Structures are given as C-alpha cells and as structure tokens.
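Next comes upload27.cif, with mmCIF, C-alpha atoms.
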```
data_structure
loop_
_atom_site.label_atom_id
_atom_site.label_comp_id
_atom_site.auth_asym_id
_atom_site.auth_seq_id
_atom_site.Cartn_x
_atom_site.Cartn_y
_atom_site.Cartn_z
CA MET A 1 133.50 88.61 -117.00
CA ASP A 2 130.11 87.00 -117.56
CA LYS A 3 126.90 88.71 -118.63
CA LYS A 4 125.66 89.06 -115.06
CA ASP A 5 128.76 91.00 -114.01
CA ILE A 6 128.39 93.41 -116.92
CA MET A 7 124.93 94.28 -115.63
CA VAL A 8 126.38 95.17 -112.23
CA ASP A 9 129.06 97.79 -112.69
CA ASP A 10 127.98 100.23 -110.01
CA TRP A 11 130.42 102.83 -108.82
CA LEU A 12 130.69 105.03 -105.78
CA ILE A 13 131.11 108.76 -105.31
CA ALA A 14 131.51 109.77 -101.68
CA GLY A 15 129.65 106.63 -100.59
CA ARG A 16 126.75 107.17 -103.02
CA SER A 17 126.17 104.37 -105.53
CA PHE A 18 125.43 105.00 -109.20
CA GLN A 19 124.92 102.83 -112.28
CA SER A 20 125.21 105.45 -115.02
CA ARG A 21 128.72 106.80 -115.71
CA LEU A 22 127.40 109.68 -117.77
CA LEU A 23 126.83 112.93 -115.87
CA VAL A 24 125.07 115.74 -117.68
CA GLY A 25 124.49 119.45 -117.43
CA THR A 26 121.07 121.08 -117.73
CA GLY A 27 122.08 124.26 -119.57
CA LYS A 28 121.68 125.47 -123.19
CA TYR A 29 118.51 123.48 -123.96
CA LYS A 30 115.60 125.00 -125.91
CA ASP A 31 113.23 124.54 -122.96
CA PHE A 32 112.68 122.42 -119.86
CA HIS A 33 110.76 119.83 -121.86
CA GLU A 34 113.73 119.20 -124.13
CA THR A 35 116.05 119.21 -121.10
CA LYS A 36 114.09 116.43 -119.45
CA LEU A 37 113.69 114.33 -122.61
CA ALA A 38 117.41 114.52 -123.39
CA ILE A 39 118.52 113.78 -119.85
CA ASP A 40 116.17 110.85 -119.49
CA GLN A 41 117.44 109.49 -122.82
CA SER A 42 121.05 109.88 -121.59
CA GLY A 43 120.29 107.67 -118.60
CA ALA A 44 122.24 110.09 -116.40
CA GLN A 45 121.53 109.96 -112.68
CA ILE A 46 123.68 112.96 -111.74
CA VAL A 47 122.74 116.34 -113.22
CA THR A 48 124.47 119.66 -112.73
CA VAL A 49 122.63 122.92 -112.07
CA ALA A 50 123.78 126.50 -111.72
CA ILE A 51 122.88 128.78 -108.81
CA ARG A 52 121.65 132.21 -109.87
CA ARG A 53 119.82 135.20 -108.47
CA THR A 54 116.05 134.75 -108.43
CA ASN A 55 114.20 137.25 -110.61
CA ILE A 56 112.28 139.13 -107.94
CA GLY A 57 108.84 140.22 -109.12
CA GLN A 58 108.84 137.97 -112.16
CA ASP A 59 105.85 135.73 -112.88
CA GLN A 60 105.78 133.53 -109.79
CA ASN A 61 103.89 130.78 -111.61
CA GLU A 62 106.63 130.24 -114.16
CA PRO A 63 107.89 126.65 -113.82
CA SER A 64 111.38 126.13 -112.47
CA LEU A 65 113.93 123.49 -113.37
CA LEU A 66 113.39 121.81 -110.01
CA ASP A 67 109.66 121.45 -110.77
CA VAL A 68 110.37 119.74 -114.10
CA MET A 69 113.17 117.57 -112.73
CA PRO A 70 112.36 116.86 -109.08
CA PRO A 71 115.40 116.52 -106.79
CA ASN A 72 114.12 113.17 -105.49
CA GLU A 73 114.45 111.65 -108.99
CA TYR A 74 117.95 112.89 -109.86
CA THR A 75 121.11 113.50 -107.88
CA TYR A 76 121.64 117.23 -108.19
CA LEU A 77 125.13 118.58 -108.52
CA PRO A 78 125.02 122.34 -107.96
CA ASN A 79 127.98 124.02 -109.62
CA THR A 80 129.94 127.23 -109.22
CA ALA A 81 130.05 128.10 -112.91
CA GLY A 82 130.92 131.74 -113.40
CA CYS A 83 132.83 132.05 -110.11
CA TYR A 84 136.33 133.53 -110.41
CA SER A 85 137.39 133.39 -106.75
CA ALA A 86 137.41 130.81 -103.97
CA ASP A 87 135.22 133.11 -101.89
CA ASP A 88 132.48 133.42 -104.53
CA ALA A 89 132.51 129.66 -105.12
CA ILE A 90 132.21 128.90 -101.40
CA ARG A 91 129.32 131.36 -100.92
CA THR A 92 127.53 129.91 -103.95
CA LEU A 93 127.77 126.34 -102.67
CA ARG A 94 126.65 127.28 -99.17
CA LEU A 95 123.56 128.83 -100.77
CA ALA A 96 123.11 125.68 -102.88
CA ARG A 97 123.26 123.47 -99.80
CA GLU A 98 120.54 125.56 -98.14
CA LEU A 99 118.50 125.57 -101.38
CA LEU A 100 118.66 121.78 -101.67
CA ASP A 101 117.81 120.99 -98.03
CA GLY A 102 121.33 120.17 -96.85
CA HIS A 103 122.41 118.21 -99.96
CA ASN A 104 126.21 118.39 -99.78
CA LEU A 105 127.43 116.79 -103.03
CA VAL A 106 128.67 119.66 -105.20
CA LYS A 107 130.71 120.53 -108.26
CA LEU A 108 133.42 123.08 -107.58
CA GLU A 109 134.84 125.05 -110.46
CA VAL A 110 136.77 128.28 -110.15
CA LEU A 111 137.51 129.92 -113.47
CA GLY A 112 140.56 131.97 -114.29
CA ASP A 113 139.76 133.62 -117.59
CA PRO A 114 136.41 134.59 -119.17
CA LYS A 115 137.74 134.16 -122.71
CA THR A 116 138.89 130.54 -122.42
CA LEU A 117 137.05 129.52 -119.20
CA TYR A 118 140.33 127.87 -118.15
CA PRO A 119 140.23 126.93 -114.45
CA ASN A 120 142.19 128.85 -111.81
CA VAL A 121 143.73 125.90 -109.98
CA VAL A 122 145.21 127.98 -107.14
CA GLU A 123 141.78 129.32 -106.15
CA THR A 124 140.27 125.88 -106.80
CA VAL A 125 142.57 124.13 -104.30
CA LYS A 126 141.92 126.89 -101.74
CA ALA A 127 138.14 126.60 -102.11
CA ALA A 128 138.20 122.79 -102.09
CA ASP A 129 140.10 122.72 -98.80
CA ILE A 130 137.61 125.05 -97.09
CA LEU A 131 134.53 123.30 -98.53
CA VAL A 132 135.70 119.82 -97.49
CA LYS A 133 136.32 121.09 -93.94
CA ASP A 134 132.81 122.59 -94.01
CA GLY A 135 131.29 119.16 -94.70
CA PHE A 136 130.85 119.24 -98.46
CA ASP A 137 131.50 116.27 -100.75
CA VAL A 138 133.44 118.10 -103.45
CA MET A 139 133.64 116.92 -107.06
CA VAL A 140 136.18 119.25 -108.54
CA TYR A 141 136.67 120.58 -112.05
CA THR A 142 140.32 121.19 -112.83
CA SER A 143 142.96 121.30 -115.53
CA ASP A 144 144.59 118.04 -116.67
CA ASP A 145 147.62 118.69 -114.45
CA PRO A 146 148.40 115.49 -112.48
CA ILE A 147 150.10 117.36 -109.63
CA ILE A 148 147.08 119.60 -109.02
CA ALA A 149 144.79 116.56 -109.34
CA LYS A 150 146.74 114.85 -106.55
CA GLN A 151 146.66 117.99 -104.39
CA LEU A 152 142.88 118.16 -104.82
CA GLU A 153 142.58 114.54 -103.73
CA ASP A 154 144.85 115.25 -100.75
CA VAL A 155 142.61 118.08 -99.49
CA GLY A 156 139.71 115.60 -99.56
CA CYS A 157 137.87 115.98 -102.88
CA CYS A 158 135.66 112.95 -103.63
CA ALA A 159 136.10 113.06 -107.43
CA ILE A 160 138.66 114.71 -109.68
CA MET A 161 137.22 116.11 -112.90
CA PRO A 162 139.92 117.17 -115.36
CA LEU A 163 139.01 118.85 -118.62
CA ALA A 164 139.35 117.00 -121.92
CA SER A 165 139.57 120.40 -123.62
CA LEU A 166 138.12 123.83 -122.86
CA ILE A 167 134.51 124.23 -121.69
CA GLY A 168 132.07 124.33 -124.61
CA SER A 169 134.82 123.77 -127.20
CA GLY A 170 133.88 120.26 -128.34
CA MET A 171 137.55 119.71 -129.16
CA GLY A 172 137.65 116.24 -127.57
CA ILE A 173 140.49 114.76 -125.53
CA LEU A 174 143.61 116.81 -126.22
CA ASN A 175 145.95 115.15 -123.77
CA PRO A 176 145.09 111.50 -123.16
CA TRP A 177 148.54 110.95 -121.63
CA ASN A 178 147.91 113.41 -118.81
CA LEU A 179 144.51 111.84 -118.17
CA GLU A 180 146.19 108.44 -117.90
CA ILE A 181 148.71 109.82 -115.40
CA ILE A 182 145.85 111.33 -113.33
CA ILE A 183 143.97 108.01 -113.39
CA ASP A 184 147.15 106.24 -112.24
CA THR A 185 147.86 108.86 -109.57
CA VAL A 186 144.61 109.45 -107.71
CA GLY A 187 142.48 106.95 -105.82
CA VAL A 188 139.11 108.71 -106.06
CA PRO A 189 136.96 108.57 -109.22
CA VAL A 190 138.29 110.50 -112.24
CA ILE A 191 135.58 112.05 -114.41
CA VAL A 192 136.37 113.87 -117.64
CA ASP A 193 134.52 117.17 -117.49
CA ALA A 194 134.32 119.57 -120.42
CA GLY A 195 135.46 119.42 -124.01
CA VAL A 196 133.73 116.25 -125.18
CA GLY A 197 132.26 116.95 -128.63
CA THR A 198 130.78 113.71 -129.85
CA ALA A 199 130.21 110.08 -128.91
CA SER A 200 133.69 108.82 -129.85
CA ASP A 201 135.29 111.39 -127.48
CA ALA A 202 133.27 109.97 -124.60
CA ALA A 203 134.18 106.42 -125.57
CA VAL A 204 137.88 107.31 -125.67
CA ALA A 205 137.65 108.81 -122.17
CA MET A 206 136.10 105.62 -120.83
CA GLU A 207 138.59 103.41 -122.69
CA LEU A 208 141.42 105.33 -121.00
CA GLY A 209 139.95 104.19 -117.69
CA CYS A 210 138.05 107.25 -116.57
CA ASP A 211 135.25 106.42 -114.14
CA GLY A 212 132.77 108.71 -115.86
CA VAL A 213 132.24 111.67 -118.18
CA LEU A 214 130.40 114.92 -117.50
CA MET A 215 129.09 116.87 -120.48
CA ASN A 216 126.50 119.48 -121.38
CA THR A 217 127.16 121.35 -124.64
CA ALA A 218 127.82 118.22 -126.74
CA ILE A 219 124.27 117.03 -126.08
CA ALA A 220 122.39 120.32 -125.71
CA THR A 221 123.73 121.96 -128.87
CA ALA A 222 123.56 118.89 -131.12
CA LYS A 223 121.02 119.28 -133.94
CA ASP A 224 118.98 116.57 -132.22
CA PRO A 225 119.87 116.67 -128.52
CA ILE A 226 117.69 113.69 -127.63
CA LEU A 227 119.33 111.46 -130.22
CA MET A 228 122.79 112.68 -129.15
CA ALA A 229 121.91 111.89 -125.53
CA SER A 230 121.17 108.34 -126.59
CA ALA A 231 124.46 108.16 -128.54
CA MET A 232 126.38 109.37 -125.50
CA ARG A 233 124.75 106.79 -123.24
CA LYS A 234 125.80 104.02 -125.62
CA SER A 235 129.32 105.38 -126.10
CA ILE A 236 129.90 105.60 -122.36
CA GLU A 237 128.70 102.03 -121.94
CA ALA A 238 130.75 100.81 -124.91
CA GLY A 239 133.89 102.62 -123.74
CA ARG A 240 133.50 101.26 -120.23
CA GLU A 241 133.03 97.68 -121.42
CA ALA A 242 136.02 98.00 -123.79
CA PHE A 243 138.14 99.24 -120.88
CA LEU A 244 137.04 96.34 -118.67
CA ALA A 245 137.53 93.86 -121.51
CA GLY A 246 141.11 95.05 -122.10
CA ARG A 247 142.04 95.99 -125.63
CA MET A 248 144.42 94.01 -127.86
CA GLN A 249 147.98 95.20 -128.25
CA LYS A 250 148.58 97.60 -131.12
CA LYS A 251 151.18 96.54 -133.67
CA LEU A 252 152.19 97.97 -137.00
CA TYR A 253 151.36 94.72 -138.82
CA SER A 254 150.55 91.15 -137.96
CA ALA A 255 151.38 87.82 -139.57
CA SER A 256 148.42 86.35 -137.72
CA PRO A 257 145.23 86.53 -139.85
CA SER A 258 141.90 85.86 -138.18
CA SER A 259 140.96 83.14 -140.67
CA PRO A 260 142.65 79.72 -140.73
CA THR A 261 145.83 79.56 -142.78
CA THR A 262 145.15 75.92 -143.69
CA GLY A 263 142.40 74.21 -145.73
CA LEU A 264 142.43 76.75 -148.54
CA ILE A 265 141.22 75.40 -151.89
CA ASN A 266 143.59 74.82 -154.77
CA LYS A 267 146.61 74.29 -152.50
CA MET B 1 114.18 150.84 -94.36
CA LYS B 2 116.42 150.46 -97.38
CA ILE B 3 117.96 147.11 -98.25
CA VAL B 4 119.66 145.69 -101.33
CA ILE B 5 118.23 142.53 -102.87
CA ASN B 6 120.24 140.86 -105.63
CA GLY B 7 122.12 144.08 -106.26
CA THR B 8 118.98 146.24 -106.56
CA PRO B 9 118.08 148.80 -103.83
CA LYS B 10 114.60 148.29 -102.34
CA GLU B 11 112.67 150.45 -99.87
CA PHE B 12 110.05 149.24 -97.39
CA ASP B 13 107.75 151.25 -95.05
CA VAL B 14 108.93 149.41 -91.93
CA GLU B 15 111.98 149.67 -89.67
CA SER B 16 112.73 145.96 -89.77
CA MET B 17 111.08 142.70 -90.75
CA THR B 18 111.67 139.00 -90.36
CA ALA B 19 112.89 136.86 -93.23
CA GLU B 20 109.43 135.31 -93.24
CA ASP B 21 107.82 138.74 -93.76
CA LEU B 22 110.11 139.38 -96.71
CA VAL B 23 109.31 136.01 -98.29
CA LYS B 24 105.59 136.92 -98.13
CA ILE B 25 106.13 140.41 -99.57
CA LEU B 26 108.16 138.98 -102.46
CA GLN B 27 105.57 136.20 -102.97
CA LEU B 28 108.20 133.49 -102.73
CA GLN B 29 106.15 131.08 -100.60
CA GLY B 30 106.23 127.57 -102.00
CA LYS B 31 109.18 128.39 -104.24
CA ARG B 32 112.65 126.87 -103.98
CA PHE B 33 115.18 129.53 -103.05
CA ALA B 34 117.89 130.31 -100.54
CA ILE B 35 118.76 133.62 -98.88
CA GLU B 36 122.10 135.02 -97.82
CA CYS B 37 122.17 138.18 -95.68
CA ASN B 38 125.43 140.13 -95.47
CA GLY B 39 127.35 137.05 -96.58
CA GLU B 40 125.69 134.65 -94.10
CA ILE B 41 123.14 131.97 -94.97
CA MET B 42 119.66 132.50 -93.50
CA PRO B 43 118.46 128.94 -92.72
CA ARG B 44 114.85 128.41 -93.76
CA SER B 45 114.06 126.92 -90.35
CA LEU B 46 114.89 130.28 -88.74
CA PHE B 47 112.95 132.59 -91.12
CA LYS B 48 110.46 133.48 -88.33
CA GLU B 49 113.22 134.69 -86.03
CA LEU B 50 115.84 136.19 -88.33
CA VAL B 51 115.47 139.95 -88.67
CA ILE B 52 116.31 142.00 -91.73
CA LYS B 53 117.18 145.62 -91.03
CA ASN B 54 118.17 148.84 -92.75
CA GLY B 55 121.30 148.53 -94.89
CA ASP B 56 121.28 144.75 -95.17
CA GLN B 57 122.58 143.20 -98.38
CA LEU B 58 120.59 140.15 -99.48
CA GLU B 59 121.13 137.54 -102.13
CA ILE B 60 118.15 135.37 -103.05
CA VAL B 61 119.01 132.50 -105.39
CA GLY B 62 117.49 129.49 -107.10
CA ALA B 63 118.66 126.65 -109.34
CA VAL B 64 118.77 127.13 -113.11
CA GLY B 65 120.05 125.07 -116.02
CA GLY B 66 123.82 124.85 -116.11
CA GLY B 67 126.74 122.59 -116.94
#
```
Here is a file; write its structure as structure tokens.
Amino acid sequence: MDKKDIMVDDWLIAGRSFQSRLLVGTGKYKDFHETKLAIDQSGAQIVTVAIRRTNIGQDQNEPSLLDVMPPNEYTYLPNTAGCYSADDAIRTLRLARELLDGHNLVKLEVLGDPKTLYPNVVETVKAADILVKDGFDVMVYTSDDPIIAKQLEDVGCCAIMPLASLIGSGMGILNPWNLEIIIDTVGVPVIVDAGVGTASDAAVAMELGCDGVLMNTAIATAKDPILMASAMRKSIEAGREAFLAGRMQKKLYSASPSSPTTGLINK
Amino acid sequence: MKIVINGTPKEFDVESMTAEDLVKILQLQGKRFAIECNGEIMPRSLFKELVIKNGDQLEIVGAVGGG
C-alpha cells in the first residue's frame, strides 16, 4: 500500500461514508465545552447521544448539547441506554428520529441487568427486527456471542457492536477470540463498543480487524480527557494501519537477527 | 383538563388544546424536542392539528450527553 492509499481508508455504514474509525459518546464530561474539545481532538465523526425527558419549566435559555455540537457537523447516533425492554428501546428511537428531523441511523442497546449493564440479547434481537422493518439503520450493541451477532446481521442491522468488556469497566478486550469469530462471521462492519480502557485496548481491537471502536468513559473520565482523546485517535489509526499492513508471525525464538550476520570485526 | 407530562400530573384551564398550544405554554418554541402522546409520536409538522385532551399521557424528550 502506498502513502496515497493510507490517506484514503474510508468505510461505509449503511451507505454513509466516514474517515474516522473512532466513535465517541458525549456523556460524563465536566461540561459541554470539555465535551466539544475532547470530541474534536478525537477526530470522531459519529457521536452518540442519549434521549431523556426534557426538564419542563427549567431555564429555557440553558444551552443544550445540540447547540454546542450542531447536528450538521457531526453524525448523531441516538442511543437507547437505560432501556431494559424492546418496547422501551423502540419508543425511544422513534422519539429520537422525530427529534433529529427523520435521521434514522441509531444505536440500539437493550440492557439486561442494572448491576453489570450486560445486554439482554433476546430483547435486542426482537427490537432490532422491528426497528429495521420500520426503516431504521440499526447499529447494535451486543454481547461477544458470534451466534447472536449473526442473528442481528440476519435481521438487517447495519453494524454489529460487541462489547470488549462491560460498559464503563475499562477492562479492555477480554475475549479477542470471540471478536475474531464475529469479524469472520458477519459481513457488516464490526465495531467494538464498551470496555476499552486505554489507547492500547483500542489498538488491539483495530489490529484484530474490527472496523471501528466506540468509547465514552475511557476518554471522559481520563484525568485529561482532551489528551486521552488525542491518544485514542492515534491508537485507532495505528491499529488500523497495523491490521492493513499484516503483522509478522509470532515465534518463540528466531535464528534470524535483523542485523547482518557477516562482516563482523575480529572474525 | 388533567394530563401527565413526563410522569408529572399537570392541570390546565381548558378542555383541550393543540400540541402547538402546549409548546407555547411550556415555552419550548425554538428548542429541540420530540413529543409522544399515549405511546404515539406527534410529528412536529402536525402540531397545529393534533389535539391533546384530558387524560393524555405525554413524553417530551431531548438529546443529552450519553455513550
């Protein structure tokens, strides 16, 4: 691959083209100013948002996230965080589509347990099927189960987003083998979502062949979120290039040093 | 009429109102939000025609930071 090709490594989600393979959440930041600085530093083009009840009667001049980060500058990915049933998730995303003027690219997640935030894959498949039939482009958060990942692709999801480890845990990639099976099994983009703790985790995900990584806590709760956003951008790029370059074979030892074995002095 | 907005009961001195009336009363003009009434989306383009009546359950939502 020559330099020019490296510059052009666009990818597609449901027919939409993106350059950045880092997707970021907008939660847990100190304020909107920090949110915007970190996200701009990350280079992310796709940003997730949550849908919540408006505080009726609150100061109407208070700025909103959409004022600070206009929807024409970022691709918004409304999520269903906090939903524990297919029905709640579907209602939330229909509201999101109305809120964002018909924008139909969404992140579906249906949780199963408030303690671990582990996904409920049964409800997730049910919701995905209904949402796809209702015209949504569904990027779906799921466990790292390859069979469920395939089922989610079969009902029409446009990206499969398995966890690396539990939401907000920062534990990194716990089962790279399952992620590899998912990447081998499904045809749509595979994006690691949740569990990334630091830059090397993101690089490992990309080296495995994931198409992208979605993260929030790792950046937002770093001591310096803006610097961590920059680190994540670089690690995603580095991991992607390493994947494309194709790593050397691992071996326990090698009788092949990198320096010439001839021409040594005093021989 | 009595309606429920975002889980909180509210009372208004009218028998019914349009979605547009409610948006004015709640001072939501110019804001980004979406409304669901009894589980159905109220499209913004139909706010002038859609009527809210006694007993309706409304959800009014916006976008906030999230992962």
Could you list, as a list in words, every residue within 8 Å of Asn54 of chain B, counting all atoms listed in the file and ignoring same-chain residues fewer than 2 positions away?
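Once the nearby chain positions are removed, what remains is Met1, Lys2, Ile3, Glu15, Ser16, Ile52 and Asp56 of chain B.
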Name every residue that the PyMOL selection byres ((chain B) within 8 of (chain A)) selects in this structure, writing the answer as a ChimeraX atom specification with chains first and numbers rising.
/B:6,26-28,32-36,39,41,43-44,59-67
Identify which of the residues B:Gly7, B:Gly30, B:Val14, B:Glu20 lies closest to Leu46 of chain B, counting only C-alpha atoms when measuring atom-to-atom distances.
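Counting only C-alpha atoms, the residue closest to Leu46 of chain B is B:Glu20.
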One number please: atom CA of Ile90 of chain A to atom CA of Ala128 of chain A, in Å, one decimal.
8.6 Å
Residue members of the PyMOL selection byres ((chain A and resi 20) around 10) in the file shown, as a ChimeraX atom specification
/A:9-11,17-19,21-23,42-46,212-213,233,236-237
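Interatomic distance, atom CA of Asp154 of chain A against atom CA of Val132 of chain A: 10.7 Å.
Minimum distance to Asp145 of chain A across A:Leu166, A:Ile130, A:Leu179, A:Val68 (counting only C-alpha atoms) occurs at A:Leu179.
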Ref. answer, residues at most 9 Å from (137.7, 108.8, -122.4) with only C-alpha atoms, as a ChimeraX atom specification
/A:164,173,176,179,191-192,196,200-213,236,239-240
